[in-house]
Amino acid sequence: MNIGVIGSGYVGLITAVGLAEIGHKVINQDIDSEKINKLINCELPFYEENLEKLIQKNTYINRLIFTTDIKYLVDYSDVIFIAVGTPPASDGSADLKYIYQCADDIAKNINNYKIIVIKSTVPPGTCKKIEDYLKEKIAQNNKKIEIDVVSNPEFLREGNAIYDFFYPDRIIIGTSSYKVQNVMRQIYEYFENSKVEILFTDRESSELIKYSSNAFLATKISFINELSILCENIGANIKDVSKGIGLDKRIGNKFLEAGPGYGGSCFPKDTSALYNFAVKKGVNLSIVESTIKANNNQINYAIEKIIKILSPIEGRIVNLLGLTFKPNTDDIRESPSIYIIKSLLKSDVYIKAYCPKGMPKAKKIFENEPNIVFCENIYESFVDSEGCIIVTDWEDFKNIDINLAYQLMKSCNLIDLRNIFYSNDKVKSLFNYYGLGVPANKNEVYI
Ligand code: UDX
Ligand code: UDX
């Protein structure tokens, strides 16, 4: 099938590459010409494992074409996926201006029946609104052309996006049209033989499934994060509490790792959008509201913890490991690290930052800040440091040479906000070790 995907971001590009790989002819369009030019040269606009070789393969066999020309995409495509950003508006609701921009572009260029697939995360009711808007715009252009708008949300995790495309837990499709259902079945025919469930539902339910999935995952994280503070208070161990909870198969052990709070372009945005959407409908989603509050509190708690441990912190040198909001990505959007750095800079702390993938994007935020440097080598960040702060749980950090790090530091304080070293006796024998919700630096072994 000839498919167009509008948007070459973390969602659109993965969707375009995945659809090409499963056999469709795909045009991926973006308004960002720099991004498109990179893609035409098979250069990645962002890091994602296994993405490069799939782009090379599918462009080579001419199943994947990149363009900035929206008219070309609309003319060419039987089905058009919209995967542009839905960033938070000032009131926390989802800003749909880019979705409507795509609708305008489609209305202007459409010449025959199309199915429009909303892949972006949008509030329930958006597909219906876009369908009505498109029909009105098409009529204004004196065209008698039918369209159908269908919901098909994505569940891609950054750093695992290619894997998640080919091995989804489920595919959700929101439409009330049997014709559209059949077309969507054809698009996802590749998954027919696998055990992936394709759930067909109405559009509003499909849109709500996406928001609710992210909100529930965020709630699990905020739940364990709040308990980590209680554990610090009573000397319990959140790693054991998390394991003990997660052994209950009804709860499961995923998304129960305490940390400095969740970040990324999804959880903060989607929890806020869902909460605001419900408020406007007169419904108070008190659990989602608490999840948001607990997350903001967790980041503040981590900052206060750092300042208390290293006080008097003014003028100190620290090294901060991990700028991305999670490992295996270069994305720093809503990363707790950024909030922590901004707060420490206000306290006149000198920061030596290191991150395997996040430094190029972080440099752009702090380029005018004299009190932060970005180290190309992790050990360089330890030199003269009076406190090492681990914010993101990159695998690289778990394998550092502990002795070398210890020798390079001026004061051996280790604030491990991801509990990477919580059970490492060697680390605890060398450093003043502070985890998050785990006993600090106590070495007594319970017999
Ligand atoms: C975003 C949201 O994070 C996600 O929740 C939503 O489901 C899809 O949009 P992401 O791919 O991370 O996902 O967004 P981003 O990386 O900002 O990419 C959006 C792309 O759309 C950008 O490359 C932007 O240039 C492009 N775009 C935006 C268009 O091509 N046309 C437009 O009119 C607006
Ligand atoms: C999320 C959803 O997982 C995905 O299904 C959806 O499509 C997009 O949003 P993503 O934001 O890429 O994916 O990352 P995810 O792995 O979910 O982590 C989100 C944040 O939660 C990160 O900041 C991570 O550090 C944090 N997290 C995750 C925890 O703090 N503890 C955990 O146990 C798991």
# chains A, B, ... in the order shown; residues from 1 in each chain; ligands from 1
call {"tool": "residues_around", "arguments": {"residues": "A:Ile224", "least_positions_apart": "2", "cutoff": "7 Å", "atoms": "only C-alpha atoms", "output": "ChimeraX atom specification"}}
result
/A:220-222,226-228,256-258
call {"tool": "closest_atom_pairs", "arguments": {"of": "chain A", "to": "ligand 1", "cutoff": "8 Å", "atoms": "only C-alpha atoms and all ligand atoms", "output": "JSON lines"}}
result
{"residue": "A:Ile6", "atom": "CA", "partner": "ligand 1", "partner_atom_place_in_ligand_line": "30 (O)", "distance": 5.6}
{"residue": "A:Gly7", "atom": "CA", "partner": "ligand 1", "partner_atom_place_in_ligand_line": "21 (O)", "distance": 3.7}
{"residue": "A:Ser8", "atom": "CA", "partner": "ligand 1", "partner_atom_place_in_ligand_line": "23 (O)", "distance": 4.7}
{"residue": "A:Gly9", "atom": "CA", "partner": "ligand 1", "partner_atom_place_in_ligand_line": "18 (O)", "distance": 3.3}
{"residue": "A:Tyr10", "atom": "CA", "partner": "ligand 1", "partner_atom_place_in_ligand_line": "11 (O)", "distance": 3.6}
{"residue": "A:Val11", "atom": "CA", "partner": "ligand 1", "partner_atom_place_in_ligand_line": "11 (O)", "distance": 3.8}
{"residue": "A:Gly12", "atom": "CA", "partner": "ligand 1", "partner_atom_place_in_ligand_line": "11 (O)", "distance": 5.5}
{"residue": "A:Leu13", "atom": "CA", "partner": "ligand 1", "partner_atom_place_in_ligand_line": "11 (O)", "distance": 7.4}
{"residue": "A:Gln29", "atom": "CA", "partner": "ligand 1", "partner_atom_place_in_ligand_line": "30 (O)", "distance": 6.2}
{"residue": "A:Asp30", "atom": "CA", "partner": "ligand 1", "partner_atom_place_in_ligand_line": "30 (O)", "distance": 3.4}
{"residue": "A:Ile31", "atom": "CA", "partner": "ligand 1", "partner_atom_place_in_ligand_line": "30 (O)", "distance": 4.3}
{"residue": "A:Asp32", "atom": "CA", "partner": "ligand 1", "partner_atom_place_in_ligand_line": "25 (O)", "distance": 4.7}
{"residue": "A:Lys35", "atom": "CA", "partner": "ligand 1", "partner_atom_place_in_ligand_line": "23 (O)", "distance": 7.2}
{"residue": "A:Thr68", "atom": "CA", "partner": "ligand 1", "partner_atom_place_in_ligand_line": "30 (O)", "distance": 8.0}
{"residue": "A:Ala83", "atom": "CA", "partner": "ligand 1", "partner_atom_place_in_ligand_line": "8 (C)", "distance": 5.0}
{"residue": "A:Val84", "atom": "CA", "partner": "ligand 1", "partner_atom_place_in_ligand_line": "21 (O)", "distance": 3.7}
{"residue": "A:Gly85", "atom": "CA", "partner": "ligand 1", "partner_atom_place_in_ligand_line": "9 (O)", "distance": 3.2}
{"residue": "A:Thr86", "atom": "CA", "partner": "ligand 1", "partner_atom_place_in_ligand_line": "9 (O)", "distance": 5.3}
{"residue": "A:Pro87", "atom": "CA", "partner": "ligand 1", "partner_atom_place_in_ligand_line": "2 (C)", "distance": 6.6}
{"residue": "A:Lys97", "atom": "CA", "partner": "ligand 1", "partner_atom_place_in_ligand_line": "33 (O)", "distance": 7.8}
{"residue": "A:Tyr98", "atom": "CA", "partner": "ligand 1", "partner_atom_place_in_ligand_line": "33 (O)", "distance": 4.4}
{"residue": "A:Ile99", "atom": "CA", "partner": "ligand 1", "partner_atom_place_in_ligand_line": "33 (O)", "distance": 6.7}
{"residue": "A:Tyr100", "atom": "CA", "partner": "ligand 1", "partner_atom_place_in_ligand_line": "33 (O)", "distance": 7.9}
{"residue": "A:Gln101", "atom": "CA", "partner": "ligand 1", "partner_atom_place_in_ligand_line": "33 (O)", "distance": 5.1}
{"residue": "A:Cys102", "atom": "CA", "partner": "ligand 1", "partner_atom_place_in_ligand_line": "33 (O)", "distance": 5.5}
{"residue": "A:Lys119", "atom": "CA", "partner": "ligand 1", "partner_atom_place_in_ligand_line": "7 (O)", "distance": 6.2}
{"residue": "A:Ser120", "atom": "CA", "partner": "ligand 1", "partner_atom_place_in_ligand_line": "7 (O)", "distance": 3.3}
{"residue": "A:Thr121", "atom": "CA", "partner": "ligand 1", "partner_atom_place_in_ligand_line": "7 (O)", "distance": 3.8}
{"residue": "A:Val122", "atom": "CA", "partner": "ligand 1", "partner_atom_place_in_ligand_line": "7 (O)", "distance": 7.2}
{"residue": "A:Pro153", "atom": "CA", "partner": "ligand 1", "partner_atom_place_in_ligand_line": "7 (O)", "distance": 7.1}
{"residue": "A:Glu154", "atom": "CA", "partner": "ligand 1", "partner_atom_place_in_ligand_line": "7 (O)", "distance": 6.7}
{"residue": "A:Ser265", "atom": "CA", "partner": "ligand 1", "partner_atom_place_in_ligand_line": "3 (O)", "distance": 4.8}
{"residue": "A:Cys266", "atom": "CA", "partner": "ligand 1", "partner_atom_place_in_ligand_line": "5 (O)", "distance": 5.2}
{"residue": "A:Lys269", "atom": "CA", "partner": "ligand 1", "partner_atom_place_in_ligand_line": "5 (O)", "distance": 7.5}
{"residue": "A:Asp270", "atom": "CA", "partner": "ligand 1", "partner_atom_place_in_ligand_line": "5 (O)", "distance": 7.2}
call {"tool": "residues_around", "arguments": {"residues": "A:Ile27", "least_positions_apart": "2", "cutoff": "6 Å", "atoms": "only C-alpha atoms", "output": "CSV table (one decimal) with all heavy atoms, in the first residue's frame"}}
result
chain,number,residue,atom,x,y,z
A,4,GLY,N,1.7,7.5,3.4
A,4,GLY,CA,2.4,8.8,3.7
A,4,GLY,C,2.4,8.9,5.3
A,4,GLY,O,1.5,8.6,6.0
A,64,LEU,N,11.2,3.5,0.9
A,64,LEU,CA,11.1,4.6,1.8
A,64,LEU,C,11.6,5.9,1.2
A,64,LEU,O,12.8,5.9,0.8
A,64,LEU,CB,11.8,4.3,3.1
A,64,LEU,CG,11.9,5.3,4.2
A,64,LEU,CD1,10.5,5.7,4.7
A,64,LEU,CD2,12.7,4.8,5.4
A,65,ILE,N,10.8,6.9,1.1
A,65,ILE,CA,11.3,8.2,0.5
A,65,ILE,C,11.0,9.3,1.5
A,65,ILE,O,10.0,9.3,2.2
A,65,ILE,CB,10.4,8.4,-0.8
A,65,ILE,CG1,10.7,7.3,-1.8
A,65,ILE,CG2,10.8,9.8,-1.4
A,65,ILE,CD1,9.6,7.3,-2.9
A,66,PHE,N,12.0,10.2,1.6
A,66,PHE,CA,11.9,11.4,2.5
A,66,PHE,C,11.7,12.6,1.6
A,66,PHE,O,12.3,12.8,0.6
A,66,PHE,CB,13.2,11.5,3.3
A,66,PHE,CG,13.4,10.4,4.3
A,66,PHE,CD1,14.4,9.4,4.0
A,66,PHE,CD2,12.6,10.2,5.4
A,66,PHE,CE1,14.6,8.3,4.9
A,66,PHE,CE2,12.8,9.1,6.3
A,66,PHE,CZ,13.8,8.2,6.0
call {"tool": "closest_atom_pairs", "arguments": {"of": "chain A", "to": "ligand 2", "cutoff": "6 Å", "atoms": "only C-alpha atoms and all ligand atoms", "output": "tab-separated table"}}
result
residue	atom	partner	partner_atom_place_in_ligand_line	distance
A:Glu154	CA	ligand 2	7 (O)	5.5
A:Phe155	CA	ligand 2	7 (O)	3.3
A:Leu156	CA	ligand 2	7 (O)	4.0
A:Arg157	CA	ligand 2	12 (O)	3.6
A:Glu158	CA	ligand 2	12 (O)	3.6
A:Asn214	CA	ligand 2	2 (C)	5.9
A:Ile221	CA	ligand 2	31 (N)	5.2
A:Phe255	CA	ligand 2	33 (O)	3.1
A:Leu256	CA	ligand 2	33 (O)	4.2
A:Glu257	CA	ligand 2	33 (O)	3.6
A:Ala258	CA	ligand 2	31 (N)	5.6
A:Gly259	CA	ligand 2	30 (O)	4.9
A:Gly261	CA	ligand 2	30 (O)	5.4
A:Tyr262	CA	ligand 2	23 (O)	3.7
A:Gly263	CA	ligand 2	23 (O)	3.8
A:Gly264	CA	ligand 2	11 (O)	4.9
A:Cys266	CA	ligand 2	9 (O)	4.7
A:Phe267	CA	ligand 2	9 (O)	5.7
A:Phe325	CA	ligand 2	23 (O)	4.5
A:Lys326	CA	ligand 2	25 (O)	4.4
call {"tool": "select_by_dssp", "arguments": {"residues": "stretch 16-81 of chain A", "states": "strand (DSSP E)", "output": "list in words"}}
result
Lys25, Val26, Ile27, Asn28, Gln29, Leu64, Ile65, Phe66, Thr67, Val79, Ile80 and Phe81 of chain A
call {"tool": "closest_residue", "arguments": {"among": "A:Ser423, A:Leu436, A:His24, A:Phe81", "to": "A:Tyr188", "atoms": "only C-alpha atoms"}}
result
A:His24
call {"tool": "select_by_dssp", "arguments": {"residues": "stretch 131-224 of chain A", "states": "helix (DSSP H, G or I)", "output": "PyMOL selection string"}}
result
chain A and resi 131-140+161-166+178-187+189-191+203-224
call {"tool": "closest_atom_pairs", "arguments": {"of": "stretch 4-31 of chain A", "to": "stretch 42-55 of chain A", "cutoff": "8 Å", "atoms": "only C-alpha atoms", "output": "JSON lines"}}
result
{"residue": "A:Tyr10", "atom": "CA", "partner": "A:Phe46", "partner_atom": "CA", "distance": 7.8}
{"residue": "A:Ile14", "atom": "CA", "partner": "A:Leu51", "partner_atom": "CA", "distance": 7.6}
{"residue": "A:Val17", "atom": "CA", "partner": "A:Ile55", "partner_atom": "CA", "distance": 6.3}
{"residue": "A:Glu21", "atom": "CA", "partner": "A:Leu54", "partner_atom": "CA", "distance": 7.3}
call {"tool": "closest_residue", "arguments": {"among": "A:Phe431, A:Phe166, A:Trp394, A:Tyr113", "to": "A:Asp78", "atoms": "only C-alpha atoms"}}
result
A:Tyr113
call {"tool": "residues_around", "arguments": {"residues": "A:Pro439", "least_positions_apart": "3", "cutoff": "7 Å", "atoms": "only C-alpha atoms", "output": "PyMOL selection string"}}
result
chain A and resi 232+235-237+442
call {"tool": "residues_around", "arguments": {"residues": "stretch 131-143 of chain A", "least_positions_apart": "5", "cutoff": "10 Å", "atoms": "only C-alpha atoms", "output": "list of chain:residue names"}}
result
A:Tyr100, A:Cys102, A:Ala103, A:Asp104, A:Asp105, A:Ile106, A:Ala107, A:Lys108, A:Asn109, A:Ile110, A:Asn111, A:Asn112, A:Ile116, A:Thr126, A:Asp148, A:Val149, A:Val150
call {"tool": "residues_around", "arguments": {"residues": "A:Leu404", "least_positions_apart": "4", "cutoff": "10 Å", "atoms": "only C-alpha atoms", "output": "ChimeraX atom specification"}}
result
/A:379,382-383,400,408-409
call {"tool": "write_last_selection", "arguments": {"atoms": "N, CA and C atoms", "output": "PDB file, in the first residue's frame"}}
result
ATOM      1  N   TYR A 379      35.806   9.916  33.109  1.00  0.00           N
ATOM      2  CA  TYR A 379      36.749  10.057  34.231  1.00  0.00           C
ATOM      3  C   TYR A 379      37.192  11.506  34.401  1.00  0.00           C
ATOM      4  N   PHE A 382      35.259  13.225  36.969  1.00  0.00           N
ATOM      5  CA  PHE A 382      35.534  12.920  38.387  1.00  0.00           C
ATOM      6  C   PHE A 382      36.664  13.759  38.963  1.00  0.00           C
ATOM      7  N   VAL A 383      37.541  14.308  38.069  1.00  0.00           N
ATOM      8  CA  VAL A 383      38.724  15.040  38.576  1.00  0.00           C
ATOM      9  C   VAL A 383      38.301  16.223  39.452  1.00  0.00           C
ATOM     10  N   ILE A 400      31.959   1.526  35.450  1.00  0.00           N
ATOM     11  CA  ILE A 400      33.132   2.409  35.585  1.00  0.00           C
ATOM     12  C   ILE A 400      34.150   1.807  36.554  1.00  0.00           C
ATOM     13  N   LEU A 408      40.380  10.027  41.702  1.00  0.00           N
ATOM     14  CA  LEU A 408      40.323  11.315  40.989  1.00  0.00           C
ATOM     15  C   LEU A 408      39.519  12.368  41.768  1.00  0.00           C
ATOM     16  N   MET A 409      38.600  11.889  42.605  1.00  0.00           N
ATOM     17  CA  MET A 409      37.704  12.838  43.295  1.00  0.00           C
ATOM     18  C   MET A 409      38.414  13.534  44.436  1.00  0.00           C
TER      19      MET A 409
END
call {"tool": "atom_distance", "arguments": {"atom1": "atom CA of A:Lys249", "atom2": "atom CA of A:Arg170"}}
result
19.5 Å
call {"tool": "closest_residue", "arguments": {"among": "A:Val117, A:Ile299, A:Ala94, A:Ile389", "to": "A:Thr271", "atoms": "only C-alpha atoms"}}
result
A:Ala94
call {"tool": "residues_around", "arguments": {"residues": "stretch 279-282 of chain A", "least_positions_apart": "2", "cutoff": "12 Å", "atoms": "only C-alpha atoms", "output": "compact mmCIF listing (two decimals) with all heavy atoms, in the first residue's frame"}}
result
# COMPACT_ATOMS: atom_id res chain seq x y z
N ASP A 91 -1.77 25.89 29.42
CA ASP A 91 -2.64 25.42 30.52
C ASP A 91 -2.47 23.92 30.76
O ASP A 91 -3.23 23.31 31.50
CB ASP A 91 -4.11 25.73 30.21
CG ASP A 91 -4.61 24.94 29.00
OD1 ASP A 91 -3.77 24.22 28.37
OD2 ASP A 91 -5.81 25.03 28.67
N GLY A 92 -1.45 23.30 30.10
CA GLY A 92 -1.20 21.87 30.31
C GLY A 92 -1.96 20.98 29.37
O GLY A 92 -1.70 19.77 29.29
N SER A 93 -2.91 21.54 28.63
CA SER A 93 -3.66 20.69 27.68
C SER A 93 -2.81 20.47 26.43
O SER A 93 -1.79 21.13 26.23
CB SER A 93 -4.97 21.40 27.28
OG SER A 93 -4.63 22.60 26.59
N PRO A 123 -6.14 14.15 22.63
CA PRO A 123 -7.25 13.95 23.56
C PRO A 123 -8.44 13.26 22.88
O PRO A 123 -8.63 13.43 21.67
CB PRO A 123 -7.64 15.39 23.96
CG PRO A 123 -6.47 16.23 23.62
CD PRO A 123 -5.79 15.57 22.48
N PRO A 124 -9.20 12.46 23.64
CA PRO A 124 -10.38 11.80 23.07
C PRO A 124 -11.30 12.81 22.40
O PRO A 124 -11.51 13.91 22.91
CB PRO A 124 -11.04 11.17 24.30
CG PRO A 124 -9.92 10.95 25.26
CD PRO A 124 -8.98 12.10 25.04
N GLY A 125 -11.77 12.44 21.20
CA GLY A 125 -12.65 13.34 20.45
C GLY A 125 -11.92 14.07 19.34
O GLY A 125 -12.54 14.66 18.45
N SER A 272 -0.50 15.35 32.09
CA SER A 272 -1.04 16.71 32.21
C SER A 272 -2.21 16.90 31.24
O SER A 272 -3.27 17.43 31.60
CB SER A 272 0.09 17.70 31.91
OG SER A 272 -0.41 18.97 31.67
N ALA A 273 -2.05 16.42 30.01
CA ALA A 273 -3.11 16.59 28.99
C ALA A 273 -4.36 15.82 29.39
O ALA A 273 -5.49 16.32 29.27
CB ALA A 273 -2.61 16.12 27.63
N LEU A 274 -4.15 14.59 29.91
CA LEU A 274 -5.32 13.77 30.31
C LEU A 274 -6.05 14.43 31.47
O LEU A 274 -7.28 14.56 31.46
CB LEU A 274 -4.86 12.36 30.71
CG LEU A 274 -5.92 11.44 31.29
CD1 LEU A 274 -7.06 11.22 30.29
CD2 LEU A 274 -5.30 10.09 31.71
N TYR A 275 -5.28 14.90 32.45
CA TYR A 275 -5.90 15.53 33.63
C TYR A 275 -6.69 16.77 33.21
O TYR A 275 -7.87 16.93 33.56
CB TYR A 275 -4.84 15.89 34.67
CG TYR A 275 -5.42 16.61 35.86
CD1 TYR A 275 -6.21 15.92 36.78
CD2 TYR A 275 -5.25 17.98 36.03
CE1 TYR A 275 -6.80 16.57 37.85
CE2 TYR A 275 -5.84 18.64 37.09
CZ TYR A 275 -6.62 17.93 38.00
OH TYR A 275 -7.21 18.58 39.04
N ASN A 276 -6.06 17.60 32.38
CA ASN A 276 -6.73 18.84 31.94
C ASN A 276 -7.94 18.56 31.07
O ASN A 276 -8.95 19.24 31.17
CB ASN A 276 -5.73 19.72 31.17
CG ASN A 276 -4.84 20.50 32.12
OD1 ASN A 276 -5.24 21.52 32.64
ND2 ASN A 276 -3.67 19.96 32.40
N PHE A 277 -7.85 17.52 30.25
CA PHE A 277 -8.98 17.15 29.40
C PHE A 277 -10.18 16.77 30.26
O PHE A 277 -11.30 17.21 30.06
CB PHE A 277 -8.58 15.98 28.50
CG PHE A 277 -9.72 15.38 27.73
CD1 PHE A 277 -10.21 16.02 26.59
CD2 PHE A 277 -10.32 14.20 28.14
CE1 PHE A 277 -11.27 15.48 25.88
CE2 PHE A 277 -11.38 13.66 27.44
CZ PHE A 277 -11.87 14.30 26.31
N ASN A 284 -12.83 14.88 37.81
CA ASN A 284 -11.55 15.07 38.50
C ASN A 284 -10.79 13.74 38.59
O ASN A 284 -11.17 12.85 39.35
CB ASN A 284 -11.78 15.61 39.92
CG ASN A 284 -10.45 15.76 40.66
OD1 ASN A 284 -9.42 16.02 40.01
ND2 ASN A 284 -10.45 15.52 41.95
N LEU A 285 -9.77 13.57 37.77
CA LEU A 285 -8.95 12.35 37.83
C LEU A 285 -7.92 12.53 38.95
O LEU A 285 -6.76 12.89 38.72
CB LEU A 285 -8.27 12.11 36.49
CG LEU A 285 -9.20 11.86 35.30
CD1 LEU A 285 -8.38 11.67 34.01
CD2 LEU A 285 -10.10 10.66 35.53
N SER A 286 -8.36 12.28 40.18
CA SER A 286 -7.53 12.61 41.35
C SER A 286 -6.25 11.78 41.39
O SER A 286 -5.21 12.25 41.87
CB SER A 286 -8.33 12.39 42.63
OG SER A 286 -8.70 11.01 42.72
N VAL A 288 -4.48 10.67 38.73
CA VAL A 288 -3.55 11.26 37.75
C VAL A 288 -2.98 12.57 38.30
O VAL A 288 -1.79 12.84 38.21
CB VAL A 288 -4.26 11.50 36.40
CG1 VAL A 288 -3.33 12.21 35.41
CG2 VAL A 288 -4.77 10.19 35.81
N GLU A 289 -3.87 13.32 38.97
CA GLU A 289 -3.40 14.58 39.58
C GLU A 289 -2.31 14.31 40.61
O GLU A 289 -1.28 14.97 40.66
CB GLU A 289 -4.59 15.30 40.24
CG GLU A 289 -4.23 16.66 40.82
CD GLU A 289 -5.42 17.32 41.52
OE1 GLU A 289 -6.35 16.60 41.96
OE2 GLU A 289 -5.42 18.57 41.58
call {"tool": "closest_atom_pairs", "arguments": {"of": "stretch 352-423 of chain A", "to": "stretch 303-313 of chain A", "cutoff": "10 Å", "atoms": "only C-alpha atoms", "output": "JSON lines"}}
result
{"residue": "A:Glu386", "atom": "CA", "partner": "A:Leu310", "partner_atom": "CA", "distance": 8.0}
{"residue": "A:Gly387", "atom": "CA", "partner": "A:Leu310", "partner_atom": "CA", "distance": 7.2}
{"residue": "A:Cys388", "atom": "CA", "partner": "A:Ile306", "partner_atom": "CA", "distance": 9.9}
{"residue": "A:Ile389", "atom": "CA", "partner": "A:Ile306", "partner_atom": "CA", "distance": 8.0}
{"residue": "A:Ser411", "atom": "CA", "partner": "A:Leu310", "partner_atom": "CA", "distance": 9.9}
{"residue": "A:Asn413", "atom": "CA", "partner": "A:Leu310", "partner_atom": "CA", "distance": 8.1}
{"residue": "A:Leu414", "atom": "CA", "partner": "A:Ile309", "partner_atom": "CA", "distance": 9.7}
{"residue": "A:Ile415", "atom": "CA", "partner": "A:Ile306", "partner_atom": "CA", "distance": 7.1}
{"residue": "A:Asp416", "atom": "CA", "partner": "A:Ile306", "partner_atom": "CA", "distance": 9.9}
{"residue": "A:Leu417", "atom": "CA", "partner": "A:Ile306", "partner_atom": "CA", "distance": 9.6}
call {"tool": "write_last_selection", "arguments": {"atoms": "all heavy atoms", "output": "compact mmCIF listing (two decimals), in the first residue's frame"}}
result
# COMPACT_ATOMS: atom_id res chain seq x y z
N GLU A 386 33.72 16.99 44.18
CA GLU A 386 33.43 16.79 45.62
C GLU A 386 32.14 16.00 45.82
O GLU A 386 31.72 15.73 46.95
CB GLU A 386 33.34 18.15 46.32
CG GLU A 386 34.64 18.94 46.24
CD GLU A 386 34.46 20.38 46.67
OE1 GLU A 386 34.52 20.64 47.89
OE2 GLU A 386 34.20 21.22 45.81
N GLY A 387 31.52 15.68 44.69
CA GLY A 387 30.29 14.88 44.79
C GLY A 387 29.91 14.38 43.40
O GLY A 387 29.83 15.18 42.47
N CYS A 388 29.72 13.07 43.28
CA CYS A 388 29.26 12.51 42.00
C CYS A 388 27.77 12.26 42.11
O CYS A 388 27.31 11.62 43.07
CB CYS A 388 29.99 11.20 41.71
SG CYS A 388 29.32 10.35 40.26
N ILE A 389 27.00 12.81 41.14
CA ILE A 389 25.53 12.65 41.16
C ILE A 389 25.12 11.82 39.95
O ILE A 389 25.33 12.25 38.81
CB ILE A 389 24.83 14.02 41.11
CG1 ILE A 389 25.33 14.93 42.24
CG2 ILE A 389 23.31 13.85 41.19
CD1 ILE A 389 25.01 16.41 42.02
N SER A 411 36.48 14.86 47.07
CA SER A 411 35.73 14.30 48.22
C SER A 411 34.85 13.18 47.70
O SER A 411 34.16 13.35 46.70
CB SER A 411 34.81 15.37 48.85
OG SER A 411 35.56 16.52 49.14
N ASN A 413 31.99 11.68 47.77
CA ASN A 413 30.53 11.57 47.99
C ASN A 413 29.87 11.05 46.72
O ASN A 413 30.14 11.57 45.63
CB ASN A 413 29.95 12.95 48.33
CG ASN A 413 30.57 13.52 49.60
OD1 ASN A 413 30.48 12.88 50.66
ND2 ASN A 413 31.23 14.66 49.50
N LEU A 414 29.06 10.03 46.84
CA LEU A 414 28.38 9.47 45.67
C LEU A 414 26.87 9.47 45.94
O LEU A 414 26.38 8.79 46.84
CB LEU A 414 28.85 8.03 45.41
CG LEU A 414 28.14 7.26 44.29
CD1 LEU A 414 28.18 8.03 42.97
CD2 LEU A 414 28.77 5.88 44.10
N ILE A 415 26.16 10.33 45.14
CA ILE A 415 24.70 10.42 45.28
C ILE A 415 24.08 9.71 44.09
O ILE A 415 24.10 10.19 42.98
CB ILE A 415 24.26 11.90 45.35
CG1 ILE A 415 24.97 12.60 46.52
CG2 ILE A 415 22.74 11.99 45.49
CD1 ILE A 415 24.81 14.11 46.52
N ASP A 416 23.58 8.53 44.36
CA ASP A 416 23.14 7.60 43.30
C ASP A 416 21.61 7.59 43.22
O ASP A 416 20.95 6.77 43.84
CB ASP A 416 23.70 6.21 43.67
CG ASP A 416 23.33 5.14 42.69
OD1 ASP A 416 22.72 5.46 41.65
OD2 ASP A 416 23.63 3.96 42.97
N LEU A 417 21.06 8.48 42.41
CA LEU A 417 19.60 8.67 42.36
C LEU A 417 18.89 7.54 41.64
O LEU A 417 17.66 7.52 41.55
CB LEU A 417 19.27 10.01 41.69
CG LEU A 417 19.81 11.25 42.40
CD1 LEU A 417 19.48 12.51 41.59
CD2 LEU A 417 19.29 11.38 43.83
call {"tool": "atom_distance", "arguments": {"atom1": "atom CA of A:Lys361", "atom2": "atom CA of A:Ile332"}}
result
7.0 Å
call {"tool": "closest_residue", "arguments": {"among": "A:Leu430, A:Ile115, A:Val26, A:Ile198", "to": "A:Arg63", "atoms": "only C-alpha atoms"}}
result
A:Val26
call {"tool": "decode", "arguments": {"residues": "stretch 349-362 of chain A", "atoms": "C-alpha atoms", "output": "mmCIF file, in the first residue's frame"}}
result
data_model
loop_
_atom_site.group_PDB
_atom_site.id
_atom_site.type_symbol
_atom_site.label_atom_id
_atom_site.label_comp_id
_atom_site.auth_asym_id
_atom_site.auth_seq_id
_atom_site.Cartn_x
_atom_site.Cartn_y
_atom_site.Cartn_z
ATOM 1 C CA VAL A 349 27.839 24.967 42.046
ATOM 2 C CA TYR A 350 30.406 24.154 39.353
ATOM 3 C CA ILE A 351 29.157 21.186 37.337
ATOM 4 C CA LYS A 352 31.164 18.736 35.245
ATOM 5 C CA ALA A 353 28.558 16.816 33.222
ATOM 6 C CA TYR A 354 28.920 13.585 31.279
ATOM 7 C CA CYS A 355 26.367 11.598 29.274
ATOM 8 C CA PRO A 356 26.913 8.993 26.517
ATOM 9 C CA LYS A 357 24.307 10.553 24.185
ATOM 10 C CA GLY A 358 22.729 13.600 25.802
ATOM 11 C CA MET A 359 25.523 16.190 25.701
ATOM 12 C CA PRO A 360 24.968 17.715 22.217
ATOM 13 C CA LYS A 361 21.352 18.642 23.070
ATOM 14 C CA ALA A 362 22.197 19.712 26.650
#
